[in-house]
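Dropping protein_33.cif in here (mmCIF, C-alpha atoms):
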data_query
loop_
_atom_site.label_atom_id
_atom_site.label_comp_id
_atom_site.auth_asym_id
_atom_site.auth_seq_id
_atom_site.Cartn_x
_atom_site.Cartn_y
_atom_site.Cartn_z
CA MET M 1 75.93 35.13 129.88
CA ASN M 2 77.21 32.84 127.15
CA PRO M 3 80.88 32.67 126.10
CA ALA M 4 80.20 34.26 122.68
CA VAL M 5 79.00 37.45 124.34
CA GLN M 6 82.01 37.40 126.67
CA TRP M 7 84.45 37.01 123.76
CA MET M 8 82.66 39.76 121.82
CA THR M 9 82.88 42.05 124.84
CA LEU M 10 86.59 41.23 125.22
CA LEU M 11 87.11 42.09 121.54
CA TYR M 12 85.19 45.36 121.93
CA MET M 13 87.28 46.29 124.97
CA MET M 14 90.49 45.52 123.07
CA LEU M 15 89.30 47.81 120.27
CA ALA M 16 88.43 50.49 122.83
CA GLY M 17 91.92 50.15 124.39
CA THR M 18 93.52 50.42 120.96
CA ALA M 19 91.46 53.53 120.16
CA MET M 20 92.43 55.05 123.52
CA GLY M 21 96.12 54.43 122.80
CA PHE M 22 95.84 55.85 119.28
CA THR M 23 94.08 58.97 120.55
CA TYR M 24 96.56 59.41 123.38
CA ASP M 25 99.58 59.17 121.06
CA SER M 26 98.03 61.57 118.57
CA TYR M 27 97.14 64.06 121.30
CA ARG M 28 100.60 63.79 122.89
CA VAL M 29 102.43 64.42 119.60
CA LEU M 30 100.10 67.32 118.73
CA SER M 31 100.59 68.98 122.10
CA LEU M 32 104.38 68.67 121.84
CA LYS M 33 104.63 69.87 118.25
CA LEU M 34 102.07 72.68 118.45
CA HIS M 35 103.19 73.94 121.90
CA PHE M 36 99.80 74.35 123.54
CA PRO M 37 99.68 76.64 126.58
CA ARG M 38 99.84 74.91 129.96
CA TRP M 39 96.25 75.74 130.91
CA LEU M 40 94.99 74.26 127.64
CA ASN M 41 96.88 70.99 128.24
CA GLY M 42 94.91 70.40 131.45
CA THR M 43 91.65 71.08 129.66
CA LEU M 44 92.58 68.78 126.79
CA ASP M 45 93.61 66.04 129.25
CA LEU M 46 90.21 66.28 130.87
CA LEU M 47 88.49 66.11 127.48
CA TYR M 48 90.58 63.06 126.53
CA TRP M 49 89.56 61.17 129.66
CA VAL M 50 85.90 62.10 129.25
CA TRP M 51 86.07 60.83 125.67
CA ALA M 52 87.85 57.62 126.78
CA ALA M 53 85.24 56.97 129.46
CA LEU M 54 82.36 57.55 127.05
CA LEU M 55 83.98 55.30 124.43
CA THR M 56 84.64 52.54 126.94
CA PHE M 57 81.14 52.55 128.32
CA ARG M 58 79.59 52.75 124.87
CA MET M 59 81.62 49.73 123.72
CA LEU M 60 80.80 47.93 126.98
CA TYR M 61 77.13 48.60 126.47
CA ALA M 62 77.35 47.34 122.87
CA GLY M 63 79.15 44.17 124.01
CA ASN M 64 77.17 43.01 127.02
CA GLN M 65 74.62 45.69 127.94
CA GLY M 66 77.00 47.45 130.36
CA GLN M 67 77.88 44.60 132.71
CA LEU M 68 81.27 45.26 134.28
CA ARG M 69 83.34 42.06 134.54
CA PHE M 70 87.02 41.26 135.07
CA TYR M 71 87.63 40.46 131.41
CA VAL M 72 86.56 44.04 130.52
CA PHE M 73 89.67 45.39 132.29
CA VAL M 74 91.79 42.63 130.75
CA GLY M 75 90.49 43.58 127.30
CA LEU M 76 91.24 47.28 127.83
CA PHE M 77 94.74 46.47 129.08
CA LEU M 78 95.42 44.10 126.18
CA GLY M 79 94.16 46.63 123.63
CA VAL M 80 96.38 49.41 124.98
CA TRP M 81 99.34 47.04 125.33
CA PHE M 82 99.00 45.71 121.76
CA TYR M 83 98.67 49.23 120.44
CA PHE M 84 101.81 50.49 122.19
CA LEU M 85 103.69 47.32 121.25
CA LEU M 86 102.77 47.30 117.56
CA PHE M 87 101.51 50.69 116.34
CA SER M 88 102.71 53.47 118.63
CA VAL M 89 105.91 54.45 116.81
CA THR M 90 104.21 54.29 113.41
CA VAL M 91 101.29 56.44 114.54
CA GLN M 92 103.62 59.02 116.11
CA ARG M 93 105.63 59.29 112.91
CA PHE M 94 102.43 59.51 110.87
CA VAL M 95 101.07 62.31 113.05
CA VAL M 96 104.36 64.22 112.80
CA MET M 97 104.33 63.77 109.02
CA LEU M 98 100.70 64.91 108.91
CA ILE M 99 101.51 68.05 110.94
CA GLN M 100 104.44 68.86 108.67
CA SER M 101 102.30 68.31 105.58
CA VAL M 102 99.57 70.61 106.89
CA GLN M 103 102.16 73.27 107.79
CA TYR M 104 103.74 72.99 104.33
CA LEU M 105 100.35 73.25 102.62
CA GLY M 106 99.46 76.24 104.80
CA LYS M 107 102.68 78.04 103.85
CA LEU M 108 102.17 77.16 100.19
CA LEU M 109 98.57 78.41 100.28
CA TRP M 110 99.71 81.63 101.96
CA LYS M 111 102.32 82.18 99.23
CA VAL M 112 99.80 81.50 96.47
CA ILE M 113 97.33 83.95 98.04
CA GLY M 114 100.14 86.47 98.35
CA VAL M 115 101.06 86.11 94.69
CA LEU M 116 97.49 86.06 93.36
CA ILE M 117 96.03 88.79 95.57
CA GLY M 118 98.85 90.60 97.36
CA VAL M 119 101.07 91.43 94.40
CA PRO M 120 98.29 92.94 92.24
CA LEU M 121 97.04 94.97 95.23
CA LEU M 122 100.58 96.20 95.85
CA TRP M 123 100.90 97.21 92.20
CA LEU M 124 97.57 99.06 92.34
CA TRP M 125 98.63 100.83 95.54
CA ARG M 126 101.95 101.91 94.00
CA LEU M 127 100.14 103.09 90.86
CA LEU M 128 97.68 105.12 92.96
CA VAL M 129 100.44 106.67 95.08
CA GLY M 130 102.52 107.46 91.99
CA THR M 131 99.55 109.05 90.24
CA LEU M 132 98.70 111.18 93.29
CA ARG M 133 102.33 112.32 93.60
CA LEU M 134 102.40 113.24 89.93
CA LEU M 135 99.15 115.21 90.24
CA TRP M 136 100.43 116.97 93.36
CA ARG M 137 103.65 117.99 91.58
CA ILE M 138 101.68 119.24 88.57
CA ILE M 139 99.40 121.30 90.84
CA LEU M 140 102.39 122.74 92.71
CA PHE M 141 104.08 123.60 89.41
CA ILE M 142 100.94 125.35 88.14
CA LEU M 143 100.53 127.27 91.41
CA LYS M 144 104.17 128.39 91.41
CA LEU M 145 103.83 129.45 87.78
CA LEU M 146 100.67 131.43 88.58
CA LEU M 147 102.38 133.01 91.56
CA ARG M 148 105.30 134.19 89.44
CA LEU M 149 103.06 135.41 86.65
CA THR M 150 100.77 137.37 88.98
CA LYS M 151 103.47 138.75 91.28
CA PRO M 152 103.45 142.22 89.70
CA LEU M 153 99.70 142.44 90.19
CA TRP M 154 99.65 141.78 93.94
CA TRP M 155 103.16 142.90 94.94
CA LEU M 156 102.78 146.56 94.01
CA PRO M 157 99.50 147.19 95.91
CA VAL M 158 100.91 145.46 98.97
CA LYS M 159 104.05 147.58 98.73
CA TRP M 160 101.98 150.78 98.49
CA ILE M 161 99.56 149.89 101.29
CA SER M 162 101.97 148.41 103.85
CA PRO M 163 103.26 151.71 105.35
CA TYR M 164 99.70 152.96 105.80
CA TRP M 165 98.52 149.66 107.23
CA ALA M 166 100.74 149.97 110.33
CA LYS M 167 99.47 153.53 110.96
CA LEU M 168 95.89 152.39 110.49
CA ARG M 169 96.23 149.61 113.07
CA GLN M 170 97.63 152.04 115.64
CA SER M 171 94.89 154.63 115.35
CA ALA M 172 92.39 155.17 118.18
CA TRP M 173 89.22 154.59 116.21
CA THR M 174 90.36 151.08 115.10
CA ALA M 175 90.99 150.21 118.76
CA ARG M 176 87.42 151.33 119.68
CA LEU M 177 85.99 149.38 116.73
CA THR M 178 87.88 146.23 117.76
CA ALA M 179 86.65 146.55 121.37
CA ALA M 180 83.05 146.99 120.19
CA LEU M 181 83.30 143.94 117.95
CA ASN M 182 84.70 141.90 120.86
CA ARG M 183 81.75 142.94 123.09
CA ILE M 184 79.28 141.92 120.40
CA LYS M 185 81.09 138.61 119.95
CA LYS M 186 80.89 137.84 123.70
CA ARG M 187 77.09 138.23 123.76
#

Could you quickly redo this structure as structure tokens?
Amino acid sequence: MNPAVQWMTLLYMMLAGTAMGFTYDSYRVLSLKLHFPRWLNGTLDLLYWVWAALLTFRMLYAGNQGQLRFYVFVGLFLGVWFYFLLFSVTVQRFVVMLIQSVQYLGKLLWKVIGVLIGVPLLWLWRLLVGTLRLLWRIILFILKLLLRLTKPLWWLPVKWISPYWAKLRQSAWTARLTAALNRIKKR
């Protein structure tokens, strides 16, 4: 293997180490800020390491057809070390700023949707409820008015019939008729 391929592989491994550090910092900040459940953290850790392994072996295959040498580990170590030395704090701050920006935009979008859709729907609902209450009050008023206007028509016959109604219910033939109707109903 010639030195050019070895240097290219070392460069690829440094890039892979840098990408691993970047992804790790981003994932760590996201999991702290978004408060993932404990069971999900284990799953995400596993997914991170599977991704890191696939990335490393893909870069290794691109550099020297997958030959594992000592300088591969040196390149990975140097890439991670350079990343944490130079870019880690900046990336963490950027990810925090990105999370805050997305949260702000989400809240803003929710408020805009509330103003554009929620307020008109609330107005329509209040209009519908107000209209139904008004109609109900009008109907009740009309019914009460009809009841007062027709009271002489139904009050007098009820007053005349009520003493006879009690006697009618207590008679023997109404008891026999009720019993016969109950037998027919049971069949």

Residues within 7 Å of Thr18 of chain M, only C-alpha atoms, excluding chain neighbours under 5 positions, as an MDAnalysis selection string: chainID M and resid 79:80 83

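We find atom CA of Ile138 of chain M and atom CA of Trp125 of chain M to be spaced 19.9 Å apart.
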
When distances are computed from only C-alpha atoms, which of M:Leu30, M:Ala180, M:Leu54, M:Ala19 shows the smallest separation from Phe94 of chain M?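 Looking only at the distances to Phe94 of chain M, the closest residue turns out to be M:Leu30.
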
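Here atom CA of Tyr48 of chain M is placed at a distance of 11.2 Å from atom CA of Asp25 of chain M.
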
So how many Å separate atom CA of Tyr27 of chain M and atom CA of Trp110 of chain M, to one decimal?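 Separating atom CA of Tyr27 of chain M from atom CA of Trp110 of chain M is a distance of 26.3 Å.
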
Taking the file as I've supplied it (selection: the PyMOL selection byres ((chain M and resi 65-77) around 12)), which residues are included? Please answer as a VMD selection string. chain M and resid 1 3 5 to 21 52 to 64 78 to 85

Ranking M:Arg183, M:Ile142, M:Thr23, M:His35 by minimum distance to Leu47 of chain M and counting all atoms listed in the file, which one comes first? M:Thr23

Best match for closeness to Asn41 of chain M among M:Arg126, M:Phe87, M:Val112, M:Arg28, counting all atoms listed in the file: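 Comparing M:Arg126, M:Phe87, M:Val112, M:Arg28 against Asn41 of chain M, the winner is M:Arg28.
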
Let me have the centre and edge lengths in Å, one decimal, of the box along x, y and z around every listed atom of segment 143-149 of chain M with 6 Å of margin on each side, as JSON.
{"center_x": 102.9, "center_y": 131.3, "center_z": 89.1, "size_x": 16.8, "size_y": 20.1, "size_z": 16.9}
